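Inspection log for the structure reproduced underneath, given as structure tokens.
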Amino acid sequence: MSPNSEACKTKYLLMVEDTASVAALYRSYLTPLGIDINIVGTGKDALVSLAERTPDLILLDLRLPDMTGMDVLYSVKRDYPDVPVIFMTAHGSIDTAVEAMRHGAQDFLIKPCEADRLRVTVNNAIHKATKFRNDTLLRGKHIYQGFIGSSQTMQSVYSTIDSAAGSKASIFITGESGTGKEVCAEAVHAASKRGDKPFIAINCAAIPKDLIESELFGHVKGAFTGAASDRKGAAELADGGTLFLDELCEMDLELQTKLLRFIQTGTFQKVGSSKMKSVDVRFVCATNRDPWEEVQNGRFREDLYYRLYVIPLHLPPLRERGEDVIEIAYSLLGFMSVEEGKDFVRLSPEVTRIFSQYEWPGNVRQLQNVLRNVVVLNQGKEIQVGMLPPPLNNPEILQQAKQQAVKGDISSLTESDILPLWISEKTTIEQAIDICDGNIPKAARLLDVSPSTIYRKLQAWEKREKEALT
């Protein structure tokens, strides 16, 4: 399951509220969100419901007929730590609600709650929880705002995003096609104070020259043939948030002039209109070209370059990211296997060597396509060399991998390279559990062992690690 497919599933909310009229009112408030809502009136019923189906969010009344909301919160955080909880409380219990947040509640609402306030709070909480789950699915340890990998080159990228996100300064992202420039732009937006506002992307290379101005600034009815009604452009839609201009160097010079004026003044005119509109947007731009070279060749305005090239951020190609290649491959493989109903859980040593040595001219996008091809067209638990599509099955590439295998033969190893068997076993089992999203019975099935064996080994390793610390 990919993050996108996760987002498309109907969200499920458990509302714990003992006053039927209030519960019905709040259900009606939340109807426009299109979420599945289950209402229970006691803490006991809430815990029973949790055991039957894990919700995306819990709305929890502080006062219940059989136990306190705090009692329910403690149980939830013990058994379902990733499920967000929002307290509903009257004015006189705000101190208790604040205390609840110290014990894991995400937010609280004062009753009676207005419709807009309830909808916004619930929508934001579910959105944050979904993003957290998606990052966890992506093998958790080396995730940053949608990126996978912990190489030194990517650590530099993460650091720049962290430093620049809070500013309104324009960011100019460069990098080869397929390196994740839009993912980077979304990361900047998500880490900024505008994270709950719109993120609007416009690809300057994908829109015909005569339509891009309308896409950017919008148009009024009758502005040109086919303009049957007024239409908002990306600039207006992004008001308060972030406007991402992808492949900016492809933009026509005449429109670059209008864009410069928009950046300088924060105002623009819709196509066919004489009225000026004012918006507040943060600009993030990207290109797979060298923007300064484009300036020198007369294809990109120098004044626009200086306006936008405030914080440069270069995304390294996949071939320069070391072990990130294998980390990304395993993360993608886990998603794709679930999506396609397949059993793949690992790469063979030969495939691992090929992936590590290959130049990946198409970067992460090419790696995605290769893995999708393999998963769709083959069966098994391990990706073998014979399953790889062109060009990775090129005889020359396969020969290079064989030569590397010979170089890495046991004859070149020393005693210091030998690891205790329990560590190798522990690594394999933990990797399988990560790929299976924490589902130990499923991981056990794929590893061809019983779940009890895994539970027993996990306990033994935990005991070993505790003893090592004492």
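In the structure tokens, the first chain shown is A, the next is B, and so on; residue numbers restart at 1 for each chain, and ligands run from 1 in the order shown.
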
- Could you name the residues that touch Pro451 in chain A at 10 Å or less, counting only C-alpha atoms, but leaving out those on the same chain fewer than 5 positions away, as a ChimeraX atom specification? /A:439-445,456-457

Okay, now the selection with N, CA, C and O atoms, as an mmCIF file, in the first residue's frame?
data_model
loop_
_atom_site.group_PDB
_atom_site.id
_atom_site.type_symbol
_atom_site.label_atom_id
_atom_site.label_comp_id
_atom_site.auth_asym_id
_atom_site.auth_seq_id
_atom_site.Cartn_x
_atom_site.Cartn_y
_atom_site.Cartn_z
ATOM 1 N N ASN A 439 3.420 -6.371 11.385
ATOM 2 C CA ASN A 439 2.551 -7.547 11.474
ATOM 3 C C ASN A 439 3.420 -8.794 11.642
ATOM 4 O O ASN A 439 3.920 -9.364 10.668
ATOM 5 N N ILE A 440 3.617 -9.226 12.893
ATOM 6 C CA ILE A 440 4.535 -10.337 13.168
ATOM 7 C C ILE A 440 4.036 -11.660 12.580
ATOM 8 O O ILE A 440 4.831 -12.418 12.005
ATOM 9 N N PRO A 441 2.735 -12.003 12.682
ATOM 10 C CA PRO A 441 2.289 -13.255 12.047
ATOM 11 C C PRO A 441 2.586 -13.285 10.542
ATOM 12 O O PRO A 441 2.991 -14.318 10.013
ATOM 13 N N LYS A 442 2.399 -12.157 9.867
ATOM 14 C CA LYS A 442 2.689 -12.121 8.436
ATOM 15 C C LYS A 442 4.187 -12.278 8.190
ATOM 16 O O LYS A 442 4.614 -13.007 7.282
ATOM 17 N N ALA A 443 5.006 -11.567 8.991
ATOM 18 C CA ALA A 443 6.456 -11.688 8.839
ATOM 19 C C ALA A 443 6.897 -13.129 9.081
ATOM 20 O O ALA A 443 7.769 -13.655 8.370
ATOM 21 N N ALA A 444 6.298 -13.774 10.088
ATOM 22 C CA ALA A 444 6.644 -15.169 10.383
ATOM 23 C C ALA A 444 6.305 -16.080 9.206
ATOM 24 O O ALA A 444 7.083 -16.986 8.848
ATOM 25 N N ARG A 445 5.153 -15.833 8.591
ATOM 26 C CA ARG A 445 4.743 -16.645 7.438
ATOM 27 C C ARG A 445 5.734 -16.504 6.281
ATOM 28 O O ARG A 445 6.119 -17.483 5.643
ATOM 29 N N ARG A 456 9.557 -15.155 20.804
ATOM 30 C CA ARG A 456 10.549 -15.673 21.749
ATOM 31 C C ARG A 456 11.926 -15.042 21.506
ATOM 32 O O ARG A 456 12.629 -14.651 22.432
ATOM 33 N N LYS A 457 12.287 -14.928 20.228
ATOM 34 C CA LYS A 457 13.589 -14.351 19.892
ATOM 35 C C LYS A 457 13.628 -12.856 20.232
ATOM 36 O O LYS A 457 14.655 -12.347 20.710
#

- Task: Apply DSSP to the structure's backbone, then extract all residues of range 215-310 of chain A labelled helix (DSSP H, G or I) and return them as a PyMOL selection string.
- Result: chain A and resi 215-217+234-237+248-250+253-265+291-296+302-308

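If you measure from each of A:Arg289, A:Lys168, A:Arg301, A:Arg464 to Thr257 in chain A using only C-alpha atoms, the closest one turns out to be A:Arg301.
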
- For Glu293 in chain A: contacts at 12 Å, only C-alpha atoms, fewer than 5 positions along chain excluded, given as a PyMOL selection string: chain A and resi 249+287-288+298-302+305

Keeping only N, CA, C and O atoms, write those residues as a JSON list (two decimals), in the first residue's frame.
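Saved the output as part.json:
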[["chain", "number", "residue", "atom", "x", "y", "z"],
["A", 249, "CYS", "N", 12.61, 27.23, -15.73],
["A", 249, "CYS", "CA", 13.42, 27.72, -16.86],
["A", 249, "CYS", "C", 12.77, 27.47, -18.21],
["A", 249, "CYS", "O", 13.26, 27.95, -19.24],
["A", 287, "THR", "N", 14.24, 23.33, -11.25],
["A", 287, "THR", "CA", 14.63, 23.10, -12.64],
["A", 287, "THR", "C", 15.65, 21.97, -12.68],
["A", 287, "THR", "O", 16.39, 21.75, -11.71],
["A", 288, "ASN", "N", 15.68, 21.25, -13.81],
["A", 288, "ASN", "CA", 16.72, 20.23, -13.99],
["A", 288, "ASN", "C", 17.88, 20.78, -14.81],
["A", 288, "ASN", "O", 18.77, 20.05, -15.23],
["A", 298, "GLY", "N", 20.47, 33.66, -22.33],
["A", 298, "GLY", "CA", 19.35, 34.52, -22.67],
["A", 298, "GLY", "C", 17.98, 33.87, -22.58],
["A", 298, "GLY", "O", 17.00, 34.41, -23.09],
["A", 299, "ARG", "N", 17.91, 32.72, -21.93],
["A", 299, "ARG", "CA", 16.62, 32.02, -21.84],
["A", 299, "ARG", "C", 15.92, 32.26, -20.50],
["A", 299, "ARG", "O", 14.79, 31.83, -20.29],
["A", 300, "PHE", "N", 16.61, 32.91, -19.57],
["A", 300, "PHE", "CA", 16.04, 33.16, -18.25],
["A", 300, "PHE", "C", 16.46, 34.54, -17.78],
["A", 300, "PHE", "O", 17.65, 34.89, -17.83],
["A", 301, "ARG", "N", 15.48, 35.33, -17.35],
["A", 301, "ARG", "CA", 15.77, 36.72, -16.96],
["A", 301, "ARG", "C", 16.71, 36.77, -15.75],
["A", 301, "ARG", "O", 16.48, 36.09, -14.75],
["A", 302, "GLU", "N", 17.74, 37.62, -15.86],
["A", 302, "GLU", "CA", 18.70, 37.72, -14.77],
["A", 302, "GLU", "C", 18.06, 38.31, -13.52],
["A", 302, "GLU", "O", 18.33, 37.86, -12.40],
["A", 305, "TYR", "N", 16.10, 35.67, -11.87],
["A", 305, "TYR", "CA", 17.03, 34.74, -11.24],
["A", 305, "TYR", "C", 17.42, 35.23, -9.84],
["A", 305, "TYR", "O", 17.36, 34.48, -8.87]]

- Message: So the first atom is CA of Val157 in chain A and the second is CA of Ile435 in chain A; what is the distance between them in Å, to one decimal place?
- Response: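 Between CA of Val157 in chain A and CA of Ile435 in chain A the gap is 25.9 Å.
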
- Message: Could you list, as a PyMOL selection string, every residue within 8 Å of range 27-30 of chain A, counting only C-alpha atoms and ignoring same-chain residues fewer than 4 positions away?
- Response: chain A and resi 23+34-35+37+115-116+118-119

Please write the residues from the selection above to a file, keeping N, CA and C atoms, as a compact mmCIF listing (two decimals), in the first residue's frame.
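Writing done, so here's part03.txt:
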# COMPACT_ATOMS: atom_id res chain seq x y z
N ALA A 23 -23.84 13.91 20.36
CA ALA A 23 -23.16 13.02 19.42
C ALA A 23 -23.76 13.15 18.02
N GLY A 34 -16.76 13.29 4.89
CA GLY A 34 -16.87 11.98 4.26
C GLY A 34 -16.16 10.87 5.03
N ILE A 35 -16.12 10.96 6.35
CA ILE A 35 -15.45 9.94 7.15
C ILE A 35 -16.47 9.00 7.78
N ILE A 37 -17.97 7.25 10.88
CA ILE A 37 -18.04 7.61 12.30
C ILE A 37 -18.79 6.55 13.09
N ALA A 115 -19.28 24.15 14.37
CA ALA A 115 -19.10 23.20 13.27
C ALA A 115 -17.73 23.37 12.58
N ASP A 116 -17.38 24.60 12.22
CA ASP A 116 -16.12 24.83 11.50
C ASP A 116 -14.93 24.42 12.34
N LEU A 118 -14.79 22.22 14.75
CA LEU A 118 -14.73 20.77 14.86
C LEU A 118 -14.18 20.15 13.58
N ARG A 119 -14.68 20.60 12.43
CA ARG A 119 -14.23 20.03 11.16
C ARG A 119 -12.75 20.27 10.93

- Item | Å distance separating CA of Lys209 in chain A from CA of Pro291 in chain A, one decimal place | 19.7 Å

List as CSV every residue of range 28-132 of chain A that is in contact with range 9-17 of chain A, defined as an atom at most 7 Å from one of its atoms (using only C-alpha atoms), together with the nearest atom pair and the distance in Å rounded to one decimal, sorted by chain and then rising number.
residue,atom,partner,partner_atom,distance
A:Ile35,CA,A:Lys11,CA,5.0
A:Asp36,CA,A:Tyr12,CA,4.6
A:Ile37,CA,A:Leu13,CA,4.8
A:Asn38,CA,A:Leu14,CA,5.0
A:Ile39,CA,A:Met15,CA,4.8
A:Val40,CA,A:Val16,CA,5.1
A:Gly41,CA,A:Glu17,CA,5.0
A:Thr42,CA,A:Val16,CA,6.7
A:Ala46,CA,A:Val16,CA,6.5
A:Pro55,CA,A:Tyr12,CA,5.1
A:Asp56,CA,A:Tyr12,CA,5.3
A:Leu57,CA,A:Leu13,CA,5.0
A:Ile58,CA,A:Leu14,CA,4.8
A:Leu59,CA,A:Met15,CA,4.7
A:Leu60,CA,A:Val16,CA,4.9
A:Asp61,CA,A:Glu17,CA,5.4

- Query: How would you write, as a VMD selection string, the set of residues in range 172-291 of chain A that DSSP gives as strand (DSSP E or B)?
  - Reply: chain A and resid 172 to 174 199 to 203 218 to 219 231 to 232 242 to 246 267 to 269 271 276 to 278 282 to 287

- Task: Identify which of the residues A:Asp71, A:Asp162, A:Glu462, A:Asp252 lies closest to Ala191 in chain A, counting only C-alpha atoms when measuring atom-to-atom distances.
- Result: A:Asp162

Could you list, as a PDB file with C-alpha atoms, in the first residue's frame, every residue within 7 Å of Ser151 in chain A, counting only C-alpha atoms and ignoring same-chain residues fewer than 2 positions away?
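So result.pdb came out as:
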ATOM      1  CA  GLY A 149      17.742   7.734   3.081  1.00  0.00           C
ATOM      2  CA  THR A 153      24.472  14.172   0.949  1.00  0.00           C
ATOM      3  CA  MET A 154      20.820  13.882   1.972  1.00  0.00           C
ATOM      4  CA  GLN A 155      21.539  14.951   5.549  1.00  0.00           C
ATOM      5  CA  ARG A 321      23.628   8.604  -2.403  1.00  0.00           C
ATOM      6  CA  GLY A 322      25.430   5.375  -1.485  1.00  0.00           C
ATOM      7  CA  ASP A 324      20.259   5.008   0.120  1.00  0.00           C
TER       8      ASP A 324
END

- With only C-alpha atoms as the basis for distance, which of A:Val351, A:Met67, A:Val72, A:Val364 is at the shortest distance from Gln384 in chain A?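 Looking only at the distances to Gln384 in chain A, the closest residue turns out to be A:Val351.
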
- Could you name the residues that touch Ala164 in chain A at 12 Å or less, counting only C-alpha atoms, but leaving out those on the same chain fewer than 2 positions away, as a ChimeraX atom specification? /A:157-162,166-172,185,187-193,282,284,310-313

List every residue of range 112-203 of chain A that has an atom at most 8 Å from any atom of range 222-241 of chain A, and for each one report the closest atom pair and its distance in Å to one decimal, counting only C-alpha atoms, with rows sorted by chain and then by increasing residue number, as CSV.
residue,atom,partner,partner_atom,distance
A:His189,CA,A:Gly241,CA,7.8
A:Arg194,CA,A:Gly241,CA,5.3
A:Gly195,CA,A:Gly241,CA,7.4
A:Asp196,CA,A:Gly241,CA,7.9
A:Lys197,CA,A:Gly241,CA,4.8
A:Pro198,CA,A:Gly241,CA,4.8
A:Phe199,CA,A:Gly241,CA,5.9
A:Ile200,CA,A:Ala238,CA,5.5
A:Ala201,CA,A:Ala234,CA,7.5
A:Ile202,CA,A:Ala234,CA,7.1

Output for the residues just chosen: all heavy atoms as an mmCIF file, in the first residue's frame:
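To be explicit, this is the file written out as selection_36.cif:
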data_model
loop_
_atom_site.group_PDB
_atom_site.id
_atom_site.type_symbol
_atom_site.label_atom_id
_atom_site.label_comp_id
_atom_site.auth_asym_id
_atom_site.auth_seq_id
_atom_site.Cartn_x
_atom_site.Cartn_y
_atom_site.Cartn_z
ATOM 1 N N HIS A 189 7.297 23.032 2.327
ATOM 2 C CA HIS A 189 5.970 23.524 2.719
ATOM 3 C C HIS A 189 5.511 22.898 4.034
ATOM 4 O O HIS A 189 5.041 23.599 4.939
ATOM 5 C CB HIS A 189 4.974 23.213 1.604
ATOM 6 C CG HIS A 189 3.553 23.545 1.945
ATOM 7 N ND1 HIS A 189 3.087 24.843 2.021
ATOM 8 C CD2 HIS A 189 2.492 22.748 2.261
ATOM 9 C CE1 HIS A 189 1.801 24.830 2.351
ATOM 10 N NE2 HIS A 189 1.421 23.577 2.506
ATOM 11 N N ARG A 194 3.392 27.504 7.078
ATOM 12 C CA ARG A 194 2.277 27.457 6.125
ATOM 13 C C ARG A 194 1.811 26.027 5.861
ATOM 14 O O ARG A 194 1.042 25.781 4.931
ATOM 15 C CB ARG A 194 2.716 28.104 4.801
ATOM 16 C CG ARG A 194 3.100 29.567 4.922
ATOM 17 C CD ARG A 194 3.811 30.079 3.672
ATOM 18 N NE ARG A 194 4.133 31.493 3.811
ATOM 19 C CZ ARG A 194 3.463 32.481 3.214
ATOM 20 N NH1 ARG A 194 2.456 32.194 2.413
ATOM 21 N NH2 ARG A 194 3.807 33.736 3.401
ATOM 22 N N GLY A 195 2.301 25.082 6.658
ATOM 23 C CA GLY A 195 2.037 23.678 6.395
ATOM 24 C C GLY A 195 0.575 23.294 6.326
ATOM 25 O O GLY A 195 0.220 22.316 5.674
ATOM 26 N N ASP A 196 -0.295 24.048 7.011
ATOM 27 C CA ASP A 196 -1.730 23.736 6.979
ATOM 28 C C ASP A 196 -2.469 24.541 5.920
ATOM 29 O O ASP A 196 -3.700 24.497 5.839
ATOM 30 C CB ASP A 196 -2.358 23.977 8.349
ATOM 31 C CG ASP A 196 -2.197 25.413 8.831
ATOM 32 O OD1 ASP A 196 -1.356 26.143 8.264
ATOM 33 O OD2 ASP A 196 -2.911 25.799 9.771
ATOM 34 N N LYS A 197 -1.725 25.295 5.123
ATOM 35 C CA LYS A 197 -2.308 26.087 4.033
ATOM 36 C C LYS A 197 -2.045 25.382 2.699
ATOM 37 O O LYS A 197 -1.320 24.395 2.629
ATOM 38 C CB LYS A 197 -1.712 27.501 4.025
ATOM 39 C CG LYS A 197 -1.979 28.295 5.299
ATOM 40 C CD LYS A 197 -3.461 28.532 5.500
ATOM 41 C CE LYS A 197 -3.732 29.551 6.602
ATOM 42 N NZ LYS A 197 -3.257 29.115 7.918
ATOM 43 N N PRO A 198 -2.595 25.889 1.580
ATOM 44 C CA PRO A 198 -2.474 25.178 0.308
ATOM 45 C C PRO A 198 -1.033 25.073 -0.212
ATOM 46 O O PRO A 198 -0.224 25.984 -0.047
ATOM 47 C CB PRO A 198 -3.322 26.020 -0.661
ATOM 48 C CG PRO A 198 -4.231 26.817 0.212
ATOM 49 C CD PRO A 198 -3.477 27.080 1.468
ATOM 50 N N PHE A 199 -0.737 23.944 -0.831
ATOM 51 C CA PHE A 199 0.490 23.764 -1.603
ATOM 52 C C PHE A 199 0.050 23.547 -3.046
ATOM 53 O O PHE A 199 -0.593 22.550 -3.367
ATOM 54 C CB PHE A 199 1.283 22.547 -1.112
ATOM 55 C CG PHE A 199 2.469 22.201 -1.988
ATOM 56 C CD1 PHE A 199 3.697 22.831 -1.794
ATOM 57 C CD2 PHE A 199 2.361 21.261 -2.990
ATOM 58 C CE1 PHE A 199 4.789 22.524 -2.602
ATOM 59 C CE2 PHE A 199 3.440 20.938 -3.799
ATOM 60 C CZ PHE A 199 4.661 21.577 -3.599
ATOM 61 N N ILE A 200 0.362 24.504 -3.916
ATOM 62 C CA ILE A 200 -0.087 24.445 -5.301
ATOM 63 C C ILE A 200 1.137 24.337 -6.220
ATOM 64 O O ILE A 200 2.049 25.168 -6.149
ATOM 65 C CB ILE A 200 -0.908 25.689 -5.690
ATOM 66 C CG1 ILE A 200 -2.092 25.873 -4.734
ATOM 67 C CG2 ILE A 200 -1.382 25.586 -7.135
ATOM 68 C CD1 ILE A 200 -3.100 24.747 -4.762
ATOM 69 N N ALA A 201 1.148 23.308 -7.050
ATOM 70 C CA ALA A 201 2.263 23.086 -7.969
ATOM 71 C C ALA A 201 1.820 23.325 -9.405
ATOM 72 O O ALA A 201 0.714 22.951 -9.793
ATOM 73 C CB ALA A 201 2.787 21.658 -7.817
ATOM 74 N N ILE A 202 2.687 23.957 -10.173
ATOM 75 C CA ILE A 202 2.424 24.172 -11.583
ATOM 76 C C ILE A 202 3.685 23.826 -12.367
ATOM 77 O O ILE A 202 4.780 24.306 -12.035
ATOM 78 C CB ILE A 202 1.974 25.629 -11.860
ATOM 79 C CG1 ILE A 202 1.646 25.827 -13.331
ATOM 80 C CG2 ILE A 202 2.993 26.646 -11.394
ATOM 81 C CD1 ILE A 202 0.934 27.144 -13.615
#

- Task: Extract, using only C-alpha atoms, all DNA, RNA and protein residues at most 10 Å from Thr121 in chain A, discarding same-chain residues fewer than 5 positions from it, and format them as a list in words.
- Result: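 The residues that qualify are Ile86, Asp107, Phe108, Leu109, Asp116, Ile126 and His127 of chain A.
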